[in-house]
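Coordinates as given in start.pdb (PDB, C-alpha atoms, pLDDT in the B column):
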```
ATOM      1  CA  MET A   1     104.329  99.403 106.475  1.00 52.00           C
ATOM      2  CA  HIS A   2     105.109 101.814 103.622  1.00 55.00           C
ATOM      3  CA  ALA A   3     106.342  98.872 101.538  1.00 56.00           C
ATOM      4  CA  LEU A   4     102.756  97.567 101.574  1.00 61.00           C
ATOM      5  CA  ALA A   5     101.181 100.897 100.607  1.00 63.00           C
ATOM      6  CA  ASN A   6     100.693  99.696  97.060  1.00 71.00           C
ATOM      7  CA  PRO A   7      97.443  97.657  96.942  1.00 75.00           C
ATOM      8  CA  ALA A   8      98.850  95.153  94.426  1.00 76.00           C
ATOM      9  CA  ARG A   9     101.923  94.574  96.612  1.00 84.00           C
ATOM     10  CA  PHE A  10      99.739  94.258  99.687  1.00 86.00           C
ATOM     11  CA  LEU A  11      97.467  91.692  98.029  1.00 86.00           C
ATOM     12  CA  LYS A  12     100.472  89.636  96.955  1.00 88.00           C
ATOM     13  CA  PHE A  13     101.549  89.544 100.608  1.00 87.00           C
ATOM     14  CA  ALA A  14      98.070  89.122 102.118  1.00 91.00           C
ATOM     15  CA  ARG A  15      96.833  86.121 100.111  1.00 91.00           C
ATOM     16  CA  PRO A  16      99.331  83.546 101.455  1.00 94.00           C
ATOM     17  CA  VAL A  17      99.446  85.078 104.944  1.00 95.00           C
ATOM     18  CA  THR A  18      95.654  84.725 105.243  1.00 96.00           C
ATOM     19  CA  VAL A  19      95.921  80.976 104.672  1.00 95.00           C
ATOM     20  CA  TRP A  20      98.945  80.620 106.961  1.00 96.00           C
ATOM     21  CA  ALA A  21      97.053  82.404 109.750  1.00 97.00           C
ATOM     22  CA  LEU A  22      93.602  80.867 109.262  1.00 97.00           C
ATOM     23  CA  TRP A  23      94.258  77.125 109.420  1.00 97.00           C
ATOM     24  CA  PRO A  24      96.902  77.102 112.190  1.00 97.00           C
ATOM     25  CA  GLY A  25      94.650  79.494 114.132  1.00 98.00           C
ATOM     26  CA  LEU A  26      91.686  77.117 113.882  1.00 98.00           C
ATOM     27  CA  ILE A  27      93.829  74.138 114.899  1.00 98.00           C
ATOM     28  CA  LEU A  28      95.291  75.972 117.904  1.00 98.00           C
ATOM     29  CA  VAL A  29      91.877  77.200 119.081  1.00 98.00           C
ATOM     30  CA  VAL A  30      90.354  73.721 118.857  1.00 97.00           C
ATOM     31  CA  ALA A  31      93.384  72.173 120.601  1.00 97.00           C
ATOM     32  CA  GLY A  32      93.410  74.816 123.332  1.00 97.00           C
ATOM     33  CA  ILE A  33      89.686  74.650 124.054  1.00 96.00           C
ATOM     34  CA  GLY A  34      89.742  70.850 123.931  1.00 96.00           C
ATOM     35  CA  GLY A  35      92.675  70.719 126.327  1.00 95.00           C
ATOM     36  CA  GLY A  36      91.052  73.261 128.636  1.00 93.00           C
ATOM     37  CA  LEU A  37      87.750  71.386 128.716  1.00 92.00           C
ATOM     38  CA  PHE A  38      88.868  67.762 128.868  1.00 92.00           C
ATOM     39  CA  VAL A  39      92.509  67.576 129.983  1.00 92.00           C
ATOM     40  CA  THR A  40      93.218  70.198 132.641  1.00 91.00           C
ATOM     41  CA  PRO A  41      91.923  69.719 136.196  1.00 88.00           C
ATOM     42  CA  PRO A  42      89.282  72.027 137.709  1.00 86.00           C
ATOM     43  CA  ASP A  43      90.501  75.186 139.400  1.00 79.00           C
ATOM     44  CA  TYR A  44      90.867  74.665 143.151  1.00 74.00           C
ATOM     45  CA  LEU A  45      88.780  77.754 143.938  1.00 74.00           C
ATOM     46  CA  GLN A  46      86.410  78.322 141.004  1.00 81.00           C
ATOM     47  CA  GLY A  47      85.995  74.717 139.925  1.00 79.00           C
ATOM     48  CA  GLU A  48      84.704  73.982 136.428  1.00 86.00           C
ATOM     49  CA  SER A  49      83.601  77.557 135.752  1.00 83.00           C
ATOM     50  CA  ALA A  50      87.230  78.675 135.434  1.00 85.00           C
ATOM     51  CA  ARG A  51      87.521  76.780 132.142  1.00 92.00           C
ATOM     52  CA  ILE A  52      85.848  79.681 130.364  1.00 92.00           C
ATOM     53  CA  LEU A  53      89.104  81.630 130.764  1.00 91.00           C
ATOM     54  CA  TYR A  54      90.424  79.855 127.645  1.00 94.00           C
ATOM     55  CA  ILE A  55      87.950  81.923 125.605  1.00 95.00           C
ATOM     56  CA  HIS A  56      87.465  84.932 127.879  1.00 94.00           C
ATOM     57  CA  VAL A  57      91.119  85.949 128.212  1.00 93.00           C
ATOM     58  CA  PRO A  58      91.984  85.804 124.469  1.00 95.00           C
ATOM     59  CA  THR A  59      88.827  87.693 123.495  1.00 96.00           C
ATOM     60  CA  ALA A  60      89.499  90.365 126.125  1.00 94.00           C
ATOM     61  CA  TRP A  61      93.080  90.805 124.922  1.00 93.00           C
ATOM     62  CA  LEU A  62      92.082  90.942 121.258  1.00 96.00           C
ATOM     63  CA  GLY A  63      89.133  93.249 121.903  1.00 97.00           C
ATOM     64  CA  MET A  64      91.631  95.755 123.310  1.00 97.00           C
ATOM     65  CA  ALA A  65      94.348  95.003 120.757  1.00 97.00           C
ATOM     66  CA  GLY A  66      91.851  95.526 117.952  1.00 97.00           C
ATOM     67  CA  TRP A  67      91.218  99.097 119.038  1.00 97.00           C
ATOM     68  CA  GLY A  68      94.961  99.579 119.398  1.00 97.00           C
ATOM     69  CA  ALA A  69      95.244  98.559 115.740  1.00 97.00           C
ATOM     70  CA  ILE A  70      92.480 101.013 114.794  1.00 97.00           C
ATOM     71  CA  ALA A  71      94.300 103.811 116.624  1.00 97.00           C
ATOM     72  CA  THR A  72      97.565 102.916 114.857  1.00 96.00           C
ATOM     73  CA  ALA A  73      95.837 102.868 111.461  1.00 95.00           C
ATOM     74  CA  SER A  74      94.143 106.182 112.280  1.00 96.00           C
ATOM     75  CA  LEU A  75      97.457 107.797 113.198  1.00 95.00           C
ATOM     76  CA  SER A  76      99.023 106.431 110.015  1.00 93.00           C
ATOM     77  CA  GLN A  77      96.162 107.858 107.972  1.00 93.00           C
ATOM     78  CA  LEU A  78      96.189 111.316 109.554  1.00 93.00           C
ATOM     79  CA  VAL A  79      99.960 111.801 109.770  1.00 92.00           C
ATOM     80  CA  TRP A  80     101.489 109.777 106.949  1.00 87.00           C
ATOM     81  CA  ARG A  81      98.483 109.507 104.612  1.00 87.00           C
ATOM     82  CA  HIS A  82      98.983 105.780 104.244  1.00 86.00           C
ATOM     83  CA  PRO A  83      96.630 104.732 101.411  1.00 83.00           C
ATOM     84  CA  LEU A  84      95.527 101.494 103.098  1.00 92.00           C
ATOM     85  CA  ALA A  85      95.173 102.859 106.642  1.00 92.00           C
ATOM     86  CA  ALA A  86      91.440 103.573 106.406  1.00 93.00           C
ATOM     87  CA  VAL A  87      90.867 100.162 104.818  1.00 94.00           C
ATOM     88  CA  ALA A  88      92.790  98.510 107.675  1.00 95.00           C
ATOM     89  CA  GLY A  89      90.802 100.410 110.318  1.00 96.00           C
ATOM     90  CA  ARG A  90      87.463  99.380 108.828  1.00 96.00           C
ATOM     91  CA  ALA A  91      88.676  95.789 108.449  1.00 96.00           C
ATOM     92  CA  VAL A  92      89.749  95.515 112.086  1.00 97.00           C
ATOM     93  CA  ALA A  93      86.583  97.072 113.520  1.00 97.00           C
ATOM     94  CA  VAL A  94      84.131  94.209 112.958  1.00 97.00           C
ATOM     95  CA  PRO A  95      86.285  91.347 114.355  1.00 97.00           C
ATOM     96  CA  GLY A  96      87.306  93.681 117.185  1.00 98.00           C
ATOM     97  CA  ALA A  97      83.654  94.280 118.035  1.00 98.00           C
ATOM     98  CA  VAL A  98      82.926  90.543 117.883  1.00 98.00           C
ATOM     99  CA  TYR A  99      85.795  89.767 120.238  1.00 98.00           C
ATOM    100  CA  ALA A 100      84.702  92.521 122.643  1.00 97.00           C
ATOM    101  CA  ALA A 101      81.159  91.103 122.626  1.00 97.00           C
ATOM    102  CA  LEU A 102      82.488  87.599 123.287  1.00 97.00           C
ATOM    103  CA  CYS A 103      84.572  88.961 126.150  1.00 95.00           C
ATOM    104  CA  LEU A 104      81.497  90.559 127.717  1.00 96.00           C
ATOM    105  CA  ALA A 105      79.356  87.447 127.191  1.00 95.00           C
ATOM    106  CA  THR A 106      81.917  85.006 128.600  1.00 94.00           C
ATOM    107  CA  GLY A 107      82.628  87.380 131.478  1.00 91.00           C
ATOM    108  CA  SER A 108      78.935  87.383 132.403  1.00 91.00           C
ATOM    109  CA  ILE A 109      78.778  83.584 132.203  1.00 91.00           C
ATOM    110  CA  TRP A 110      81.871  83.376 134.391  1.00 88.00           C
ATOM    111  CA  GLY A 111      80.562  85.995 136.814  1.00 83.00           C
ATOM    112  CA  ARG A 112      77.222  84.319 137.559  1.00 86.00           C
ATOM    113  CA  PRO A 113      78.588  81.350 139.574  1.00 84.00           C
ATOM    114  CA  THR A 114      81.672  83.235 140.788  1.00 78.00           C
ATOM    115  CA  TRP A 115      80.175  86.563 141.895  1.00 79.00           C
ATOM    116  CA  GLY A 116      76.502  85.584 142.124  1.00 82.00           C
ATOM    117  CA  THR A 117      75.483  88.097 139.432  1.00 83.00           C
ATOM    118  CA  TRP A 118      75.477  88.272 135.632  1.00 83.00           C
ATOM    119  CA  TRP A 119      76.607  91.889 135.624  1.00 84.00           C
ATOM    120  CA  GLU A 120      78.217  94.418 137.907  1.00 83.00           C
ATOM    121  CA  TRP A 121      78.844  98.058 137.042  1.00 84.00           C
ATOM    122  CA  ASP A 122      82.458  98.014 138.119  1.00 83.00           C
ATOM    123  CA  GLY A 123      85.407  99.651 136.362  1.00 82.00           C
ATOM    124  CA  ARG A 124      86.604  96.724 134.239  1.00 87.00           C
ATOM    125  CA  LEU A 125      83.187  95.581 132.996  1.00 90.00           C
ATOM    126  CA  THR A 126      81.890  99.098 132.357  1.00 91.00           C
ATOM    127  CA  SER A 127      84.987 100.238 130.464  1.00 93.00           C
ATOM    128  CA  MET A 128      84.886  97.064 128.341  1.00 95.00           C
ATOM    129  CA  LEU A 129      81.228  97.732 127.547  1.00 96.00           C
ATOM    130  CA  ILE A 130      82.199 101.270 126.521  1.00 97.00           C
ATOM    131  CA  LEU A 131      84.821  99.772 124.195  1.00 97.00           C
ATOM    132  CA  PHE A 132      82.140  97.634 122.541  1.00 98.00           C
ATOM    133  CA  PHE A 133      79.979 100.719 121.956  1.00 98.00           C
ATOM    134  CA  LEU A 134      83.026 102.569 120.601  1.00 98.00           C
ATOM    135  CA  TYR A 135      83.446  99.784 118.059  1.00 98.00           C
ATOM    136  CA  LEU A 136      79.815 100.134 116.988  1.00 98.00           C
ATOM    137  CA  GLY A 137      80.222 103.897 116.667  1.00 97.00           C
ATOM    138  CA  TYR A 138      83.389 103.536 114.618  1.00 97.00           C
ATOM    139  CA  ILE A 139      81.790 100.976 112.293  1.00 97.00           C
ATOM    140  CA  ALA A 140      78.805 103.272 111.701  1.00 96.00           C
ATOM    141  CA  LEU A 141      80.927 106.399 111.194  1.00 96.00           C
ATOM    142  CA  ALA A 142      83.483 104.727 108.907  1.00 95.00           C
ATOM    143  CA  GLY A 143      80.727 103.123 106.858  1.00 93.00           C
ATOM    144  CA  ALA A 144      78.889 106.426 106.468  1.00 93.00           C
ATOM    145  CA  GLU A 145      82.056 108.243 105.375  1.00 92.00           C
ATOM    146  CA  ARG A 146      82.869 105.549 102.848  1.00 86.00           C
ATOM    147  CA  GLU A 147      79.367 105.695 101.373  1.00 85.00           C
ATOM    148  CA  ARG A 148      79.743 109.447 100.900  1.00 87.00           C
ATOM    149  CA  GLY A 149      83.117 108.954  99.243  1.00 81.00           C
ATOM    150  CA  GLY A 150      85.025 110.626 102.065  1.00 80.00           C
ATOM    151  CA  GLU A 151      88.595 109.904 103.143  1.00 81.00           C
ATOM    152  CA  GLY A 152      87.568 108.635 106.576  1.00 85.00           C
ATOM    153  CA  ARG A 153      89.255 111.428 108.546  1.00 93.00           C
ATOM    154  CA  MET A 154      86.403 111.715 111.066  1.00 95.00           C
ATOM    155  CA  ALA A 155      86.550 107.976 111.718  1.00 95.00           C
ATOM    156  CA  ALA A 156      90.323 108.238 112.124  1.00 96.00           C
ATOM    157  CA  LEU A 157      89.946 111.011 114.706  1.00 97.00           C
ATOM    158  CA  PHE A 158      87.318 108.913 116.489  1.00 97.00           C
ATOM    159  CA  GLY A 159      89.736 105.964 116.489  1.00 97.00           C
ATOM    160  CA  LEU A 160      92.455 108.045 118.137  1.00 96.00           C
ATOM    161  CA  VAL A 161      90.167 109.569 120.762  1.00 96.00           C
ATOM    162  CA  GLY A 162      88.671 106.167 121.602  1.00 97.00           C
ATOM    163  CA  ALA A 163      92.138 104.837 122.461  1.00 97.00           C
ATOM    164  CA  VAL A 164      91.912 106.794 125.726  1.00 96.00           C
ATOM    165  CA  ASN A 165      89.659 103.992 126.983  1.00 95.00           C
ATOM    166  CA  LEU A 166      92.378 101.320 126.642  1.00 96.00           C
ATOM    167  CA  PRO A 167      94.475 102.300 129.693  1.00 94.00           C
ATOM    168  CA  VAL A 168      91.236 102.723 131.644  1.00 93.00           C
ATOM    169  CA  ILE A 169      90.346  99.080 130.898  1.00 91.00           C
ATOM    170  CA  HIS A 170      93.848  97.869 131.736  1.00 86.00           C
ATOM    171  CA  TYR A 171      94.275  99.735 135.026  1.00 86.00           C
ATOM    172  CA  SER A 172      90.651  99.680 136.180  1.00 81.00           C
ATOM    173  CA  VAL A 173      91.266  96.816 138.619  1.00 69.00           C
ATOM    174  CA  LEU A 174      93.999  98.933 140.256  1.00 71.00           C
ATOM    175  CA  TRP A 175      92.241 102.295 140.245  1.00 70.00           C
ATOM    176  CA  TRP A 176      88.857 101.189 141.609  1.00 67.00           C
ATOM    177  CA  GLN A 177      87.498  98.626 144.023  1.00 65.00           C
ATOM    178  CA  THR A 178      86.085  95.921 141.777  1.00 66.00           C
ATOM    179  CA  LEU A 179      84.718  92.398 141.711  1.00 61.00           C
ATOM    180  CA  HIS A 180      86.933  91.598 138.758  1.00 63.00           C
ATOM    181  CA  GLN A 181      90.108  89.823 139.772  1.00 65.00           C
ATOM    182  CA  GLY A 182      93.481  91.450 139.203  1.00 59.00           C
ATOM    183  CA  GLN A 183      95.859  90.682 136.375  1.00 63.00           C
ATOM    184  CA  SER A 184      96.809  86.989 136.403  1.00 60.00           C
ATOM    185  CA  LEU A 185      99.143  86.923 133.398  1.00 61.00           C
ATOM    186  CA  SER A 186     101.734  89.483 132.310  1.00 55.00           C
ATOM    187  CA  ILE A 187     105.052  89.627 130.501  1.00 49.00           C
ATOM    188  CA  LEU A 188     106.954  91.164 133.417  1.00 45.00           C
ATOM    189  CA  GLY A 189     104.974  89.778 136.340  1.00 50.00           C
ATOM    190  CA  GLY A 190     104.769  86.203 135.132  1.00 57.00           C
ATOM    191  CA  SER A 191     101.695  84.092 135.802  1.00 61.00           C
ATOM    192  CA  LYS A 192      99.510  83.537 138.821  1.00 63.00           C
ATOM    193  CA  ILE A 193      97.755  80.645 137.073  1.00 72.00           C
ATOM    194  CA  ALA A 194      98.834  77.102 137.950  1.00 71.00           C
ATOM    195  CA  PRO A 195     101.075  75.604 135.224  1.00 78.00           C
ATOM    196  CA  GLU A 196      98.757  72.631 134.666  1.00 81.00           C
ATOM    197  CA  LEU A 197      95.972  75.101 133.770  1.00 82.00           C
ATOM    198  CA  LEU A 198      98.122  77.470 131.763  1.00 88.00           C
ATOM    199  CA  TRP A 199      99.233  75.618 128.612  1.00 91.00           C
ATOM    200  CA  PRO A 200      95.812  75.573 126.859  1.00 94.00           C
ATOM    201  CA  LEU A 201      95.570  79.326 127.404  1.00 93.00           C
ATOM    202  CA  PHE A 202      98.734  79.909 125.378  1.00 93.00           C
ATOM    203  CA  LEU A 203      97.251  77.825 122.564  1.00 96.00           C
ATOM    204  CA  THR A 204      93.984  79.770 122.499  1.00 97.00           C
ATOM    205  CA  LEU A 205      95.767  83.120 122.823  1.00 96.00           C
ATOM    206  CA  LEU A 206      97.875  82.386 119.760  1.00 97.00           C
ATOM    207  CA  GLY A 207      95.024  80.687 117.912  1.00 98.00           C
ATOM    208  CA  PHE A 208      92.505  83.500 118.383  1.00 98.00           C
ATOM    209  CA  THR A 209      95.198  86.043 117.442  1.00 98.00           C
ATOM    210  CA  LEU A 210      95.901  84.225 114.178  1.00 98.00           C
ATOM    211  CA  LEU A 211      92.159  84.028 113.431  1.00 98.00           C
ATOM    212  CA  PHE A 212      91.839  87.747 114.116  1.00 98.00           C
ATOM    213  CA  ALA A 213      94.665  88.451 111.672  1.00 97.00           C
ATOM    214  CA  ALA A 214      93.183  86.141 109.032  1.00 97.00           C
ATOM    215  CA  VAL A 215      89.724  87.711 109.234  1.00 97.00           C
ATOM    216  CA  THR A 216      91.207  91.223 109.085  1.00 97.00           C
ATOM    217  CA  LEU A 217      93.240  90.376 105.978  1.00 96.00           C
ATOM    218  CA  MET A 218      90.215  88.759 104.332  1.00 96.00           C
ATOM    219  CA  ARG A 219      88.143  91.876 104.995  1.00 96.00           C
ATOM    220  CA  MET A 220      90.877  94.132 103.602  1.00 95.00           C
ATOM    221  CA  ARG A 221      91.170  92.002 100.475  1.00 94.00           C
ATOM    222  CA  THR A 222      87.393  92.048 100.029  1.00 93.00           C
ATOM    223  CA  GLU A 223      87.197  95.836 100.319  1.00 91.00           C
ATOM    224  CA  LEU A 224      90.073  96.344  97.876  1.00 91.00           C
ATOM    225  CA  ALA A 225      88.380  93.987  95.411  1.00 89.00           C
ATOM    226  CA  ARG A 226      85.105  95.884  95.789  1.00 86.00           C
ATOM    227  CA  THR A 227      86.880  99.216  95.239  1.00 79.00           C
ATOM    228  CA  ARG A 228      88.527  97.858  92.105  1.00 80.00           C
ATOM    229  CA  LEU A 229      85.187  96.561  90.823  1.00 69.00           C
ATOM    230  CA  GLU A 230      83.465  99.882  91.478  1.00 67.00           C
ATOM    231  CA  ALA A 231      86.224 101.705  89.577  1.00 64.00           C
ATOM    232  CA  ARG A 232      85.784  99.380  86.591  1.00 71.00           C
ATOM    233  CA  LEU A 233      82.026  99.882  86.618  1.00 60.00           C
ATOM    234  CA  ARG A 234      82.455 103.656  86.678  1.00 65.00           C
ATOM    235  CA  ARG A 235      84.863 103.510  83.728  1.00 69.00           C
ATOM    236  CA  ALA A 236      82.473 101.258  81.824  1.00 65.00           C
ATOM    237  CA  ALA A 237      79.563 103.594  82.491  1.00 68.00           C
ATOM    238  CA  SER A 238      81.511 106.615  81.244  1.00 68.00           C
ATOM    239  CA  GLU A 239      82.458 104.993  77.921  1.00 63.00           C
TER     240      GLU A 239
END
```

Just give me the structure as structure tokens.
Amino acid sequence: MHALANPARFLKFARPVTVWALWPGLILVVAGIGGGLFVTPPDYLQGESARILYIHVPTAWLGMAGWGAIATASLSQLVWRHPLAAVAGRAVAVPGAVYAALCLATGSIWGRPTWGTWWEWDGRLTSMLILFFLYLGYIALAGAERERGGEGRMAALFGLVGAVNLPVIHYSVLWWQTLHQGQSLSILGGSKIAPELLWPLFLTLLGFTLLFAAVTLMRMRTELARTRLEARLRRAASE
């Protein structure tokens, strides 16, 4: 990470990686959603409604991973003073909020035919909603600090404190009685999803992750370009 602390070095790395992440990500998402909609059979219990998992699961994972990235950037900013940490945190926040919103929306669509309700105040849904509001708070706080010319330390502290919600989301289905089903896919526990339904999910998981990375890099590049432009305008005004 320290090798990319120099903005010029980072931009040299980020430009090609953005392209390599964007187009394969789009292809994988389209292939995964297409396969999930038109190739895989209906789930034996939930029927056609289960097909929304190909969007719901990746957005849930990336909504949480996005805040994990914010917390990592915040720690890097507060402890190691990484010059691009605040830029990375602000760049991640908007796509993270979008993915969290998509997770909540697709979860409600899934819940209506499955549970008979659009919303239930159980542990998993409530903690995910809190994560969405945390994103909005971080975006507002980071934006306000940047406008005032601050270093973003308050936003970084907020990013670290907000990470407490991540284990609550993950373990909520174990800690509380909930409508939300338990974990169906894990590295150590394997998969509880039938193999014929599983392959499109891997495509959308990877595809949405690549899109998340591409959008984050594009936002970082845009902010660095804006900072450079503002510096040039200030120099021109002082001459």

Chain and number of each residue from the PyMOL selection byres ((chain A and resi 154) around 12), as a PDB file with C-alpha atoms, keeping the file's coordinate frame:
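Saved result, expr-v1.pdb, follows:
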```pdb
ATOM      1  CA  SER A  74      94.143 106.182 112.280  1.00 96.00           C
ATOM      2  CA  LEU A  75      97.457 107.797 113.198  1.00 95.00           C
ATOM      3  CA  GLN A  77      96.162 107.858 107.972  1.00 93.00           C
ATOM      4  CA  LEU A  78      96.189 111.316 109.554  1.00 93.00           C
ATOM      5  CA  ALA A  86      91.440 103.573 106.406  1.00 93.00           C
ATOM      6  CA  GLY A 137      80.222 103.897 116.667  1.00 97.00           C
ATOM      7  CA  TYR A 138      83.389 103.536 114.618  1.00 97.00           C
ATOM      8  CA  ILE A 139      81.790 100.976 112.293  1.00 97.00           C
ATOM      9  CA  ALA A 140      78.805 103.272 111.701  1.00 96.00           C
ATOM     10  CA  LEU A 141      80.927 106.399 111.194  1.00 96.00           C
ATOM     11  CA  ALA A 142      83.483 104.727 108.907  1.00 95.00           C
ATOM     12  CA  GLY A 143      80.727 103.123 106.858  1.00 93.00           C
ATOM     13  CA  ALA A 144      78.889 106.426 106.468  1.00 93.00           C
ATOM     14  CA  GLU A 145      82.056 108.243 105.375  1.00 92.00           C
ATOM     15  CA  ARG A 146      82.869 105.549 102.848  1.00 86.00           C
ATOM     16  CA  GLY A 150      85.025 110.626 102.065  1.00 80.00           C
ATOM     17  CA  GLU A 151      88.595 109.904 103.143  1.00 81.00           C
ATOM     18  CA  GLY A 152      87.568 108.635 106.576  1.00 85.00           C
ATOM     19  CA  ARG A 153      89.255 111.428 108.546  1.00 93.00           C
ATOM     20  CA  ALA A 155      86.550 107.976 111.718  1.00 95.00           C
ATOM     21  CA  ALA A 156      90.323 108.238 112.124  1.00 96.00           C
ATOM     22  CA  LEU A 157      89.946 111.011 114.706  1.00 97.00           C
ATOM     23  CA  PHE A 158      87.318 108.913 116.489  1.00 97.00           C
ATOM     24  CA  GLY A 159      89.736 105.964 116.489  1.00 97.00           C
ATOM     25  CA  LEU A 160      92.455 108.045 118.137  1.00 96.00           C
ATOM     26  CA  VAL A 161      90.167 109.569 120.762  1.00 96.00           C
TER      27      VAL A 161
END
```

Requested in this report: May I have the residues within 9 Å of range 29-38 of chain A as a VMD selection string, using only C-alpha atoms and disregarding those fewer than 6 positions away in the same chain?
Outcome: chain A and resid 48 51 to 55 197 to 208 211

Report task. Between CA of Trp115 in chain A and CA of Gly47 in chain A, measure the distance and give it in Å to one decimal. Result ->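 Atom-to-atom, CA of Trp115 in chain A to CA of Gly47 in chain A, that is 13.3 Å.
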
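Straight-line separation from CA of Leu131 in chain A to CA of Val19 in chain A: 29.3 Å.
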
Quick one: which residues end up in the PyMOL selection byres ((chain A and resi 119-123) around 10) for this structure, as an mmCIF file with C-alpha atoms, in the coordinates of the input?
```
data_model
loop_
_atom_site.group_PDB
_atom_site.id
_atom_site.type_symbol
_atom_site.label_atom_id
_atom_site.label_comp_id
_atom_site.auth_asym_id
_atom_site.auth_seq_id
_atom_site.Cartn_x
_atom_site.Cartn_y
_atom_site.Cartn_z
ATOM 1 C CA LEU A 104 81.497 90.559 127.717
ATOM 2 C CA ALA A 105 79.356 87.447 127.191
ATOM 3 C CA GLY A 107 82.628 87.380 131.478
ATOM 4 C CA SER A 108 78.935 87.383 132.403
ATOM 5 C CA ILE A 109 78.778 83.584 132.203
ATOM 6 C CA GLY A 111 80.562 85.995 136.814
ATOM 7 C CA ARG A 112 77.222 84.319 137.559
ATOM 8 C CA TRP A 115 80.175 86.563 141.895
ATOM 9 C CA GLY A 116 76.502 85.584 142.124
ATOM 10 C CA THR A 117 75.483 88.097 139.432
ATOM 11 C CA TRP A 118 75.477 88.272 135.632
ATOM 12 C CA ARG A 124 86.604 96.724 134.239
ATOM 13 C CA LEU A 125 83.187 95.581 132.996
ATOM 14 C CA THR A 126 81.890 99.098 132.357
ATOM 15 C CA SER A 127 84.987 100.238 130.464
ATOM 16 C CA MET A 128 84.886 97.064 128.341
ATOM 17 C CA LEU A 129 81.228 97.732 127.547
ATOM 18 C CA VAL A 168 91.236 102.723 131.644
ATOM 19 C CA ILE A 169 90.346 99.080 130.898
ATOM 20 C CA HIS A 170 93.848 97.869 131.736
ATOM 21 C CA TYR A 171 94.275 99.735 135.026
ATOM 22 C CA SER A 172 90.651 99.680 136.180
ATOM 23 C CA VAL A 173 91.266 96.816 138.619
ATOM 24 C CA LEU A 174 93.999 98.933 140.256
ATOM 25 C CA TRP A 175 92.241 102.295 140.245
ATOM 26 C CA TRP A 176 88.857 101.189 141.609
ATOM 27 C CA GLN A 177 87.498 98.626 144.023
ATOM 28 C CA THR A 178 86.085 95.921 141.777
ATOM 29 C CA LEU A 179 84.718 92.398 141.711
ATOM 30 C CA HIS A 180 86.933 91.598 138.758
#
```

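Rounded to one decimal, CA of Gly68 in chain A and CA of Ala163 in chain A lie 6.7 Å from each other.
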
Query raised in the report: Can you list, as a PyMOL selection string, every protein, DNA or RNA residue that comes within 12 Å of Leu45 in chain A when you count all atoms listed in the file, leaving out same-chain residues fewer than 5 positions away?
Result: chain A and resi 50-51+113-114+193-194

**Report entry** Nearest to Tyr135 in chain A by atom-to-atom distance, counting only C-alpha atoms, from A:Val98, A:Met220, A:Val164, A:Ala73
**Finding:**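 That would be A:Val98, the residue with the smallest distance to Tyr135 in chain A.
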
List the residues matched by the PyMOL selection byres ((chain A and resi 8-15) around 12) in the displayed structure as a PDB file with C-alpha atoms, in the frame of the given file, ordered by chain and then by residue number.
```pdb
ATOM      1  CA  MET A   1     104.329  99.403 106.475  1.00 52.00           C
ATOM      2  CA  HIS A   2     105.109 101.814 103.622  1.00 55.00           C
ATOM      3  CA  ALA A   3     106.342  98.872 101.538  1.00 56.00           C
ATOM      4  CA  LEU A   4     102.756  97.567 101.574  1.00 61.00           C
ATOM      5  CA  ALA A   5     101.181 100.897 100.607  1.00 63.00           C
ATOM      6  CA  ASN A   6     100.693  99.696  97.060  1.00 71.00           C
ATOM      7  CA  PRO A   7      97.443  97.657  96.942  1.00 75.00           C
ATOM      8  CA  PRO A  16      99.331  83.546 101.455  1.00 94.00           C
ATOM      9  CA  VAL A  17      99.446  85.078 104.944  1.00 95.00           C
ATOM     10  CA  THR A  18      95.654  84.725 105.243  1.00 96.00           C
ATOM     11  CA  VAL A  19      95.921  80.976 104.672  1.00 95.00           C
ATOM     12  CA  TRP A  20      98.945  80.620 106.961  1.00 96.00           C
ATOM     13  CA  ALA A  21      97.053  82.404 109.750  1.00 97.00           C
ATOM     14  CA  LEU A  22      93.602  80.867 109.262  1.00 97.00           C
ATOM     15  CA  PRO A  83      96.630 104.732 101.411  1.00 83.00           C
ATOM     16  CA  LEU A  84      95.527 101.494 103.098  1.00 92.00           C
ATOM     17  CA  ALA A  85      95.173 102.859 106.642  1.00 92.00           C
ATOM     18  CA  VAL A  87      90.867 100.162 104.818  1.00 94.00           C
ATOM     19  CA  ALA A  88      92.790  98.510 107.675  1.00 95.00           C
ATOM     20  CA  ALA A 213      94.665  88.451 111.672  1.00 97.00           C
ATOM     21  CA  ALA A 214      93.183  86.141 109.032  1.00 97.00           C
ATOM     22  CA  VAL A 215      89.724  87.711 109.234  1.00 97.00           C
ATOM     23  CA  THR A 216      91.207  91.223 109.085  1.00 97.00           C
ATOM     24  CA  LEU A 217      93.240  90.376 105.978  1.00 96.00           C
ATOM     25  CA  MET A 218      90.215  88.759 104.332  1.00 96.00           C
ATOM     26  CA  ARG A 219      88.143  91.876 104.995  1.00 96.00           C
ATOM     27  CA  MET A 220      90.877  94.132 103.602  1.00 95.00           C
ATOM     28  CA  ARG A 221      91.170  92.002 100.475  1.00 94.00           C
ATOM     29  CA  THR A 222      87.393  92.048 100.029  1.00 93.00           C
ATOM     30  CA  GLU A 223      87.197  95.836 100.319  1.00 91.00           C
ATOM     31  CA  LEU A 224      90.073  96.344  97.876  1.00 91.00           C
ATOM     32  CA  ALA A 225      88.380  93.987  95.411  1.00 89.00           C
ATOM     33  CA  ARG A 228      88.527  97.858  92.105  1.00 80.00           C
TER      34      ARG A 228
END
```

Query - Polymer residues at most 9 Å from Trp61 in chain A, only C-alpha atoms, same-chain spacing of 3 or more positions, as a VMD selection string - result: chain A and resid 56 to 58 64 to 66 99 to 100 103 205

Report task. Check the smallest atom-to-atom distance from each of A:Ala101, A:Thr227, A:Thr209, A:Leu136 to Gly25 in chain A using all atoms listed in the file, then report the winner. Result ->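 Looking at the shortest contact to Gly25 in chain A, the residue is A:Thr209.
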